[in-house]
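Structure file entry-v7.cif (mmCIF, C-alpha atoms) follows.
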data_entry
loop_
_atom_site.label_atom_id
_atom_site.label_comp_id
_atom_site.auth_asym_id
_atom_site.auth_seq_id
_atom_site.Cartn_x
_atom_site.Cartn_y
_atom_site.Cartn_z
CA MET Q 1 -23.88 36.58 21.78
CA VAL Q 2 -23.95 33.15 23.41
CA ILE Q 3 -23.61 30.01 21.32
CA LYS Q 4 -24.21 26.59 22.79
CA ILE Q 5 -23.34 23.22 21.32
CA LEU Q 6 -25.66 20.47 22.50
CA GLY Q 7 -24.43 16.88 22.48
CA SER Q 8 -23.03 14.16 24.68
CA GLY Q 9 -19.47 14.70 23.51
CA CYS Q 10 -19.35 12.35 20.54
CA LYS Q 11 -17.14 12.95 17.54
CA ASN Q 12 -19.82 14.90 15.65
CA CYS Q 13 -20.41 17.20 18.61
CA LYS Q 14 -16.70 17.95 18.88
CA LYS Q 15 -16.50 18.67 15.18
CA LEU Q 16 -19.42 21.10 15.35
CA TYR Q 17 -17.75 22.84 18.30
CA HIS Q 18 -14.51 23.10 16.39
CA ASN Q 19 -16.21 24.51 13.27
CA THR Q 20 -18.12 27.03 15.37
CA ILE Q 21 -14.94 28.31 17.00
CA LEU Q 22 -13.38 28.73 13.55
CA ALA Q 23 -16.45 30.56 12.22
CA ILE Q 24 -16.46 32.98 15.12
CA SER Q 25 -12.79 33.78 14.90
CA GLU Q 26 -13.05 34.41 11.17
CA LEU Q 27 -16.02 36.71 11.62
CA GLU Q 28 -14.23 38.32 14.58
CA LEU Q 29 -17.36 38.09 16.68
CA ASP Q 30 -17.46 38.58 20.40
CA ALA Q 31 -19.24 35.39 21.36
CA ALA Q 32 -19.08 32.79 24.10
CA VAL Q 33 -19.20 29.18 22.93
CA ILE Q 34 -20.37 26.70 25.53
CA LYS Q 35 -20.58 22.92 25.27
CA ILE Q 36 -23.70 21.46 26.87
CA THR Q 37 -23.30 17.77 27.66
CA ASP Q 38 -25.76 17.38 30.53
CA PHE Q 39 -28.87 15.57 29.30
CA ALA Q 40 -31.25 17.39 31.64
CA GLU Q 41 -29.94 20.67 30.25
CA ILE Q 42 -30.09 19.44 26.64
CA ALA Q 43 -33.69 18.31 27.09
CA LYS Q 44 -34.73 21.91 27.80
CA TYR Q 45 -34.07 22.84 24.19
CA ASN Q 46 -36.81 20.65 22.79
CA THR Q 47 -34.69 18.74 20.34
CA MET Q 48 -33.89 15.07 19.91
CA ARG Q 49 -31.32 15.32 17.17
CA MET Q 50 -27.72 15.82 18.13
CA PRO Q 51 -25.50 17.67 17.73
CA ALA Q 52 -27.48 20.89 17.88
CA LEU Q 53 -26.44 24.51 17.64
CA VAL Q 54 -28.11 27.07 19.89
CA LEU Q 55 -27.83 30.81 19.28
CA ASP Q 56 -29.00 33.02 22.15
CA GLU Q 57 -31.23 30.24 23.50
CA LYS Q 58 -32.77 29.45 20.12
CA VAL Q 59 -32.02 26.17 18.33
CA ILE Q 60 -30.80 27.08 14.85
CA ALA Q 61 -29.55 23.71 13.63
CA LYS Q 62 -29.96 20.12 14.76
CA GLY Q 63 -28.82 16.65 13.80
CA LYS Q 64 -26.01 17.73 11.54
CA VAL Q 65 -22.43 18.83 11.62
CA LEU Q 66 -22.49 22.21 9.94
CA SER Q 67 -19.43 23.37 8.07
CA LYS Q 68 -17.64 26.54 9.04
CA GLU Q 69 -19.21 28.39 6.12
CA GLU Q 70 -22.73 27.25 7.01
CA ILE Q 71 -22.26 28.42 10.57
CA LYS Q 72 -20.99 31.78 9.37
CA LYS Q 73 -24.17 32.29 7.36
CA LEU Q 74 -26.37 31.41 10.32
CA ILE Q 75 -24.74 33.59 12.95
CA SER Q 76 -23.69 36.69 11.08
CA MET B 1 -33.16 -19.72 -15.24
CA LEU B 2 -34.29 -16.74 -13.22
CA LYS B 3 -32.57 -18.16 -10.17
CA GLU B 4 -29.32 -18.55 -12.06
CA PHE B 5 -29.59 -15.00 -13.31
CA PHE B 6 -29.94 -13.67 -9.77
CA GLU B 7 -27.10 -15.82 -8.55
CA LEU B 8 -24.92 -14.42 -11.31
CA LEU B 9 -25.96 -10.89 -10.38
CA ASN B 10 -25.25 -11.66 -6.74
CA ASP B 11 -21.78 -13.00 -7.54
CA ILE B 12 -20.88 -10.00 -9.68
CA LEU B 13 -22.35 -7.18 -7.61
CA LEU B 14 -22.31 -8.40 -4.04
CA LYS B 15 -19.77 -11.13 -3.65
CA MET B 16 -17.59 -9.56 -6.34
CA THR B 17 -16.01 -12.89 -7.21
CA TRP B 18 -14.32 -11.17 -10.17
CA LEU B 19 -12.51 -8.90 -7.74
CA ASN B 20 -11.30 -11.85 -5.74
CA ASN B 21 -9.98 -13.51 -8.92
CA LEU B 22 -8.40 -10.26 -10.08
CA VAL B 23 -6.59 -9.78 -6.77
CA ASP B 24 -5.36 -13.38 -6.85
CA ASP B 25 -4.19 -13.03 -10.45
CA ILE B 26 -2.26 -9.86 -9.69
CA LEU B 27 -0.64 -11.41 -6.62
CA VAL B 28 0.41 -14.44 -8.64
CA SER B 29 1.48 -12.86 -11.93
CA VAL B 30 2.89 -9.52 -10.78
CA PHE B 31 4.29 -10.44 -7.39
CA ASN B 32 5.09 -14.07 -8.18
CA MET B 33 3.37 -15.31 -5.07
CA ASP B 34 2.75 -18.95 -4.36
CA THR B 35 -0.97 -19.61 -3.85
CA ASN B 36 -0.25 -22.26 -1.24
CA THR B 37 1.45 -19.97 1.25
CA LEU B 38 -0.16 -18.51 4.36
CA ILE B 39 0.90 -14.99 3.42
CA PHE B 40 -0.91 -15.36 0.12
CA SER B 41 -4.25 -16.33 1.64
CA SER B 42 -4.00 -13.54 4.23
CA LEU B 43 -2.97 -10.91 1.70
CA SER B 44 -5.56 -11.95 -0.86
CA PHE B 45 -8.31 -11.85 1.76
CA PHE B 46 -7.17 -8.45 3.04
CA ILE B 47 -6.94 -6.66 -0.32
CA TYR B 48 -10.14 -8.16 -1.72
CA ASP B 49 -12.14 -7.53 1.43
CA VAL B 50 -11.02 -3.93 1.92
CA ILE B 51 -11.82 -2.95 -1.67
CA LYS B 52 -15.13 -4.80 -1.67
CA ILE B 53 -16.31 -3.33 1.63
CA PHE B 54 -15.47 0.23 0.63
CA ILE B 55 -17.23 -0.04 -2.75
CA LEU B 56 -20.34 -1.56 -1.21
CA LEU B 57 -20.28 0.72 1.79
CA SER B 58 -20.13 3.94 -0.21
CA PHE B 59 -22.90 2.87 -2.55
CA LEU B 60 -25.14 1.54 0.19
CA ILE B 61 -24.76 4.46 2.52
CA TYR B 62 -25.68 6.75 -0.36
CA VAL B 63 -28.86 4.85 -1.17
CA SER B 64 -29.93 4.29 2.42
CA SER B 65 -29.20 7.89 3.42
CA TYR B 66 -31.31 9.14 0.54
CA ILE B 67 -34.22 6.96 1.69
CA GLN B 68 -33.64 8.05 5.26
CA THR B 69 -34.21 11.71 4.44
CA TYR B 70 -37.91 10.80 4.32
CA PHE B 71 -37.82 9.59 7.91
CA THR B 72 -37.03 11.84 10.81
CA VAL B 73 -36.99 11.18 14.52
CA GLU B 74 -39.87 13.62 14.95
CA ARG B 75 -42.01 11.86 12.38
CA THR B 76 -41.20 8.48 13.93
CA ARG B 77 -42.40 9.71 17.29
CA HIS B 78 -45.58 11.02 15.74
CA VAL B 79 -46.28 7.72 13.96
CA LEU B 80 -45.53 5.70 17.10
CA SER B 81 -47.98 7.67 19.20
CA LYS B 82 -50.79 6.24 17.05
CA PHE B 83 -50.06 2.60 17.88
CA LYS B 84 -50.82 0.67 21.03
CA GLY B 85 -49.57 -2.50 22.69
CA ILE B 86 -47.28 -4.85 20.84
CA GLY B 87 -48.19 -3.15 17.55
CA ALA B 88 -46.33 -0.09 18.79
CA ASN B 89 -43.30 -2.24 19.63
CA ILE B 90 -43.30 -3.77 16.16
CA VAL B 91 -43.62 -0.41 14.41
CA GLY B 92 -40.96 0.98 16.74
CA ALA B 93 -38.55 -1.82 15.86
CA LEU B 94 -39.22 -1.41 12.13
CA LEU B 95 -38.78 2.36 12.22
CA GLY B 96 -35.59 1.83 14.21
CA THR B 97 -34.07 0.20 11.16
CA ILE B 98 -34.59 3.20 8.86
CA THR B 99 -34.66 6.31 11.04
CA PRO B 100 -31.26 7.95 10.94
CA PHE B 101 -29.59 9.44 13.97
CA CYS B 102 -26.11 9.87 15.40
CA SER B 103 -25.49 7.48 18.30
CA CYS B 104 -25.11 10.49 20.58
CA SER B 105 -28.80 11.28 19.95
CA SER B 106 -30.08 8.07 21.50
CA ILE B 107 -30.43 9.55 24.99
CA PRO B 108 -32.15 12.80 23.85
CA ILE B 109 -34.47 10.56 21.79
CA PHE B 110 -35.18 8.46 24.86
CA ILE B 111 -36.07 11.65 26.77
CA GLY B 112 -38.09 13.11 23.90
CA PHE B 113 -40.11 9.94 23.34
CA THR B 114 -40.76 9.40 27.04
CA ARG B 115 -41.90 12.98 27.60
CA ALA B 116 -44.22 12.71 24.63
CA GLY B 117 -45.94 9.90 26.51
CA LEU B 118 -44.66 6.90 24.57
CA PRO B 119 -44.32 3.79 26.73
CA ILE B 120 -40.64 3.16 27.50
CA GLY B 121 -40.97 -0.38 26.15
CA VAL B 122 -41.74 1.05 22.72
CA THR B 123 -38.81 3.44 22.93
CA PHE B 124 -36.54 0.53 23.83
CA SER B 125 -37.79 -1.48 20.85
CA PHE B 126 -36.79 1.47 18.68
CA LEU B 127 -33.41 1.92 20.34
CA ILE B 128 -32.53 -1.81 20.27
CA SER B 129 -33.32 -2.35 16.59
CA SER B 130 -31.63 0.83 15.44
CA PRO B 131 -27.96 -0.19 15.82
CA LEU B 132 -28.75 -3.85 15.22
CA VAL B 133 -30.38 -3.71 11.82
CA ASP B 134 -29.70 -1.13 9.18
CA LEU B 135 -29.92 -1.21 5.44
CA ALA B 136 -26.22 -0.88 4.71
CA SER B 137 -25.13 -3.61 7.10
CA VAL B 138 -27.81 -6.00 5.88
CA VAL B 139 -26.65 -5.79 2.27
CA LEU B 140 -23.06 -6.18 3.41
CA LEU B 141 -24.13 -9.24 5.38
CA ALA B 142 -25.83 -10.57 2.25
CA SER B 143 -22.66 -10.08 0.24
CA ILE B 144 -20.73 -12.24 2.67
CA PHE B 145 -23.21 -14.89 3.81
CA GLY B 146 -25.93 -14.74 1.15
CA TRP B 147 -29.44 -13.32 1.23
CA LYS B 148 -30.98 -16.13 3.25
CA ILE B 149 -28.80 -15.47 6.28
CA ALA B 150 -29.16 -11.69 5.85
CA LEU B 151 -32.95 -11.85 5.82
CA ILE B 152 -33.06 -14.21 8.80
CA TYR B 153 -30.73 -11.79 10.59
CA VAL B 154 -33.14 -8.90 9.94
CA ALA B 155 -36.12 -10.92 11.14
CA VAL B 156 -34.31 -12.10 14.26
CA GLY B 157 -33.03 -8.58 15.03
CA ILE B 158 -36.52 -7.12 14.80
CA ILE B 159 -38.02 -9.93 16.89
CA LEU B 160 -35.34 -9.37 19.54
CA ALA B 161 -36.17 -5.64 19.62
CA VAL B 162 -39.92 -6.29 19.86
CA ILE B 163 -39.58 -8.89 22.62
CA GLY B 164 -37.00 -6.84 24.53
CA GLY B 165 -39.19 -3.74 24.51
CA THR B 166 -42.32 -5.71 25.36
CA LEU B 167 -40.63 -7.35 28.36
CA ILE B 168 -39.56 -3.94 29.66
CA SER B 169 -43.23 -2.91 29.48
CA VAL B 170 -44.41 -6.16 31.10
CA PHE B 171 -42.00 -5.69 34.01
CA LYS B 172 -43.48 -2.18 34.51
CA MET B 173 -40.12 -0.46 34.34
CA GLU B 174 -41.55 3.05 33.90
CA LYS B 175 -40.79 3.96 37.48
CA TYR B 176 -37.09 3.30 37.05
CA VAL B 177 -36.52 6.27 34.78
CA GLU B 178 -34.58 9.17 36.33
CA ASP B 179 -36.89 11.95 37.55
CA PHE B 180 -35.58 14.71 35.32
CA VAL B 181 -36.56 12.72 32.23
CA LEU B 182 -40.22 13.08 33.12
CA GLN B 183 -40.10 16.56 34.59
CA GLY B 184 -39.96 19.54 32.34
CA ASP B 185 -41.86 20.60 29.31
CA ILE B 186 -43.66 18.16 27.13
CA VAL B 187 -41.63 18.44 24.01
CA THR B 188 -43.70 19.91 21.24
CA LEU B 189 -43.99 18.08 17.98
CA GLU B 190 -41.52 19.77 15.74
CA GLU B 191 -42.12 19.35 12.07
CA GLY B 192 -39.09 18.14 10.17
CA GLU B 193 -38.21 20.53 7.39
CA ILE B 194 -39.17 19.56 3.86
CA LEU B 195 -36.13 18.97 1.69
CA THR B 196 -35.62 19.42 -2.01
CA ARG B 197 -34.22 16.59 -4.09
CA LYS B 198 -30.93 18.39 -4.33
CA GLN B 199 -30.72 18.68 -0.55
CA ARG B 200 -31.47 14.97 -0.19
CA HIS B 201 -28.62 14.11 -2.57
CA LYS B 202 -26.33 16.43 -0.67
CA TYR B 203 -27.34 14.82 2.61
CA ALA B 204 -26.66 11.35 1.16
CA PHE B 205 -23.29 12.46 -0.18
CA ASP B 206 -22.32 14.04 3.15
CA GLN B 207 -23.33 10.86 4.96
CA VAL B 208 -21.09 8.71 2.75
CA ASN B 209 -18.24 11.09 3.34
CA GLU B 210 -18.80 11.23 7.07
CA ILE B 211 -19.46 7.53 7.69
CA VAL B 212 -16.55 6.34 5.57
CA LYS B 213 -14.27 8.76 7.44
CA ARG B 214 -15.60 7.48 10.73
CA VAL B 215 -15.53 3.74 10.09
CA TRP B 216 -12.54 3.18 7.79
CA LYS B 217 -10.25 2.46 10.73
CA TYR B 218 -12.64 -0.16 12.12
CA VAL B 219 -12.96 -1.73 8.70
CA ILE B 220 -9.19 -1.94 8.20
CA ILE B 221 -8.62 -3.30 11.70
CA GLY B 222 -11.51 -5.72 11.25
CA VAL B 223 -10.24 -6.96 7.91
CA LEU B 224 -6.71 -7.20 9.31
CA ILE B 225 -7.88 -9.37 12.19
CA GLY B 226 -9.98 -11.33 9.71
CA ALA B 227 -6.97 -11.79 7.43
CA ILE B 228 -4.78 -12.99 10.30
CA ILE B 229 -7.45 -15.46 11.37
CA HIS B 230 -7.84 -16.45 7.74
CA GLY B 231 -4.18 -17.13 7.10
CA TYR B 232 -2.45 -17.85 10.36
CA ILE B 233 -4.73 -19.16 13.07
CA PRO B 234 -5.28 -22.91 12.74
CA ALA B 235 -8.89 -23.95 12.25
CA ASP B 236 -8.45 -26.58 14.97
CA PHE B 237 -7.60 -23.95 17.54
CA ILE B 238 -10.59 -21.76 16.69
CA ASN B 239 -12.91 -24.73 16.60
CA SER B 240 -11.76 -25.87 20.01
CA ILE B 241 -13.10 -22.59 21.46
CA LEU B 242 -15.82 -21.51 19.06
CA GLY B 243 -16.68 -24.63 17.07
CA SER B 244 -20.38 -25.17 16.50
CA ASN B 245 -20.20 -28.50 18.31
CA LYS B 246 -19.01 -26.81 21.50
CA TRP B 247 -21.95 -25.93 23.73
CA TYR B 248 -20.19 -22.89 25.23
CA SER B 249 -19.16 -21.33 21.89
CA VAL B 250 -22.09 -18.87 21.76
CA LEU B 251 -21.53 -17.80 25.37
CA VAL B 252 -17.85 -17.10 24.73
CA ALA B 253 -18.68 -15.09 21.59
CA ALA B 254 -21.41 -13.04 23.25
CA PHE B 255 -19.43 -12.20 26.37
CA ALA B 256 -16.40 -11.27 24.31
CA GLY B 257 -18.56 -8.94 22.22
CA ILE B 258 -20.64 -7.18 24.88
CA PRO B 259 -18.02 -4.78 26.29
CA MET B 260 -16.56 -4.07 22.85
CA TYR B 261 -17.49 -1.05 20.87
CA ALA B 262 -17.12 -1.21 17.12
CA ASP B 263 -19.11 -0.52 14.06
CA ILE B 264 -20.95 -3.40 12.43
CA PHE B 265 -18.83 -2.77 9.34
CA GLY B 266 -15.71 -3.55 11.30
CA THR B 267 -17.07 -6.75 12.83
CA LEU B 268 -18.27 -8.25 9.56
CA PRO B 269 -14.82 -9.15 8.19
CA ILE B 270 -13.97 -10.88 11.47
CA ALA B 271 -17.26 -12.74 11.25
CA GLU B 272 -16.50 -13.72 7.66
CA ALA B 273 -13.10 -15.16 8.53
CA LEU B 274 -14.50 -17.08 11.51
CA VAL B 275 -17.25 -18.65 9.41
CA LEU B 276 -14.71 -19.67 6.77
CA LYS B 277 -12.82 -21.45 9.54
CA GLY B 278 -15.88 -23.48 10.42
CA VAL B 279 -17.31 -21.48 13.33
CA GLY B 280 -21.10 -21.77 13.56
CA ILE B 281 -23.05 -18.94 11.96
CA GLY B 282 -25.08 -18.50 15.18
CA THR B 283 -21.91 -18.05 17.21
CA VAL B 284 -20.68 -15.41 14.77
CA LEU B 285 -24.01 -13.57 14.68
CA ALA B 286 -24.14 -13.55 18.48
CA PHE B 287 -20.72 -11.93 18.48
CA MET B 288 -21.76 -9.29 15.95
CA MET B 289 -25.00 -8.49 17.74
CA ALA B 290 -23.22 -8.22 21.08
CA VAL B 291 -20.66 -5.80 19.67
CA THR B 292 -23.22 -3.52 18.00
CA THR B 293 -26.01 -3.37 20.59
CA LEU B 294 -24.18 -3.33 23.90
CA SER B 295 -20.96 -1.59 24.78
CA ILE B 296 -19.43 -0.03 27.87
CA PRO B 297 -19.76 3.57 26.52
CA SER B 298 -23.43 3.14 25.62
CA ILE B 299 -24.23 1.57 29.00
CA ILE B 300 -22.55 4.48 30.78
CA LEU B 301 -24.68 6.95 28.79
CA LEU B 302 -27.89 5.06 29.47
CA LYS B 303 -27.04 4.99 33.17
CA LYS B 304 -27.56 8.77 33.26
CA VAL B 305 -31.25 8.55 32.41
CA VAL B 306 -32.42 5.27 33.92
CA LYS B 307 -32.03 3.70 37.34
CA ASN B 308 -29.94 0.59 37.95
CA LYS B 309 -32.86 -1.79 37.96
CA LEU B 310 -33.96 -0.83 34.44
CA LEU B 311 -30.36 -0.70 33.21
CA ILE B 312 -29.66 -4.22 34.46
CA THR B 313 -32.97 -5.49 33.06
CA PHE B 314 -32.15 -3.99 29.66
CA VAL B 315 -28.64 -5.45 29.54
CA ALA B 316 -29.91 -8.83 30.75
CA ILE B 317 -32.75 -9.03 28.23
CA VAL B 318 -30.56 -8.07 25.31
CA SER B 319 -27.72 -10.42 26.37
CA ILE B 320 -30.05 -13.38 26.86
CA GLY B 321 -31.75 -12.58 23.55
CA ILE B 322 -28.43 -12.51 21.70
CA ILE B 323 -27.32 -15.80 23.24
CA LEU B 324 -30.63 -17.45 22.32
CA VAL B 325 -30.33 -16.16 18.75
CA GLY B 326 -26.86 -17.71 18.57
CA TYR B 327 -28.02 -21.14 19.70
CA ILE B 328 -31.10 -21.08 17.46
CA PHE B 329 -29.02 -20.15 14.40
CA ASN B 330 -26.43 -22.84 15.10
CA TYR B 331 -29.24 -25.36 15.47
CA ILE B 332 -31.03 -24.30 12.25
CA ILE B 333 -27.86 -24.46 10.17
CA ILE B 334 -26.94 -27.92 11.44
CA ILE B 335 -30.32 -29.35 10.37
#
Entire entry expressed as structure tokens:
Amino acid sequence: MVIKILGSGCKNCKKLYHNTILAISELELDAAVIKITDFAEIAKYNTMRMPALVLDEKVIAKGKVLSKEEIKKLIS
Amino acid sequence: MLKEFFELLNDILLKMTWLNNLVDDILVSVFNMDTNTLIFSSLSFFIYDVIKIFILLSFLIYVSSYIQTYFTVERTRHVLSKFKGIGANIVGALLGTITPFCSCSSIPIFIGFTRAGLPIGVTFSFLISSPLVDLASVVLLASIFGWKIALIYVAVGIILAVIGGTLISVFKMEKYVEDFVLQGDIVTLEEGEILTRKQRHKYAFDQVNEIVKRVWKYVIIGVLIGAIIHGYIPADFINSILGSNKWYSVLVAAFAGIPMYADIFGTLPIAEALVLKGVGIGTVLAFMMAVTTLSIPSIILLKKVVKNKLLITFVAIVSIGIILVGYIFNYIIII
């Protein structure tokens, strides 16, 4: 499983990254979490609202900082 | 009669004159402070302003966030694609004031709008008005300077966004966008999800929580600076640099504000204190506009998607616009 966090590195993006890491460790999943800050790369995912969460190349949330629990629901 | 009623309402709800009196009374009766001391005027200003801003801020963010759930970036783009010419710039500037997005989304929005075929001038109108004018800051502005100034501020902000975007179109700046912005898929029109009322309330509540957490430091620092200016810095000194009779006052304010990055909520208390010291309202508005629209971090981000020529044009147009607004406001208030 590959999870990507899209966003230019603002506070909200960092928070989403942090919550994602927590969710994964609590679920004991074997997943890679990658931050995508390059705009050309971000633009490929067809979304304008940051930060966005991408699960195996599919955008599953955008424009909001999901809580740890919300992320758990989405990825498990 | 009606006018008096509204003024009363304004004093109670927005200016919160009762709060100011309450703070003063407590300082005098409980802490035995002398009302003529500098520490008293600073402390009174600080306590009153912090409480007032946080009450207003929480309430306003809640209301404006709830309204904003009806507007999404996707819908804005769809609406904008139906307008042409300066009409598109005007609608873009207006939508900029109510469409919510995190500042880190501005570049993806720029890319998304441009790929969808919107003229970059229209996108710039949207992106200029967005940080400049928003519901919460306008009401806060009204609470400090009154509704007349707040409404003129909104009008001027929107005009600046419309003219700025239009000029970028007139100068044919399309070719100065980085290549990767135009290459790649045309972004499909995603439909924003439809929310229930409960979800809208939750969104509004989360926004209050998040924004207050994000801006409280700026507000405290802003009020602190405001309080120091209020109590300790002599009016003569401030007026010698920023006084409305000094021709360079607006320039100083604008150039001090451009590189700075702060939230509008943090700059308002500084603005308030400066106005109380006799600085021209135009000078203060120029400072606030410069702080909110242009900053070193936002210019660095923009640099990644546009070439130098467009970047410099953008910064120049906005700076000149802000300076003009400052002089016009100072002139209007004098007459």
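Minimum distance to chain B across Q:Ile42, Q:Val2, Q:Ile36, Q:Ile71 (counting all atoms listed in the file) occurs at Q:Ile42.
Against the coordinates shown, the PyMOL selection byres ((chain Q) within 10 of (chain B)) returns Gly7, Ser8, Gly9, Cys10, Lys11, Asn12, Cys13, Asp38, Phe39, Ala40, Glu41, Ile42, Ala43, Lys44, Tyr45, Asn46, Thr47, Met48, Arg49, Met50, Pro51, Ala52, Gly63, Lys64 and Val65 of chain Q.
Within the 10 Å cut-off around Phe145 in chain B, using all atoms listed in the file and omitting residues fewer than 2 positions from it on the same chain, the listed residues are B:Lys15, B:Val139, B:Leu140, B:Leu141, B:Ala142, B:Ser143, B:Trp147, B:Lys148, B:Ile149, B:Ala150, B:Ala271, B:Glu272, B:Val275, B:Ile281.
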Practice task
Using the chain letters and numbers from the file, give me the residues hit by the PyMOL selection byres ((chain B and resi 317) around 12), as a ChimeraX atom specification.
Solution key: /B:124-125,128,160-168,171,290,293-294,310-316,318-324
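Between CA of Leu43 in chain B and CA of Leu22 in chain B there is a distance of 13.0 Å.
If you look at CA of Asn209 in chain B and CA of Ser58 in chain B, they are 8.2 Å away from each other.
Atom to atom, CA of Ile300 in chain B and CA of Tyr176 in chain B stand 15.9 Å apart.
Take the PyMOL selection byres ((chain Q and resi 21-23) around 10) and apply it to this file: it picks Ile3, Lys15, Leu16, Tyr17, His18, Asn19, Thr20, Ile24, Ser25, Glu26, Leu27, Glu28, Leu29, Ala31, Ala32, Val33, Ser67, Lys68, Glu69, Glu70, Ile71, Lys72, Lys73, Ile75 and Ser76 of chain Q.
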Fill in the blank from the handout: Closest of B:Asn308, B:Ile258, B:Ser169, B:Phe126 to Gly85 in chain B, counting all atoms listed in the file, is B:Ser169
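Minimum atom-to-atom distances from B:Thr196, B:Ser240, B:Thr292, B:Thr283 to Val252 in chain B were compared using all atoms listed in the file, and the lowest value belongs to B:Thr283.
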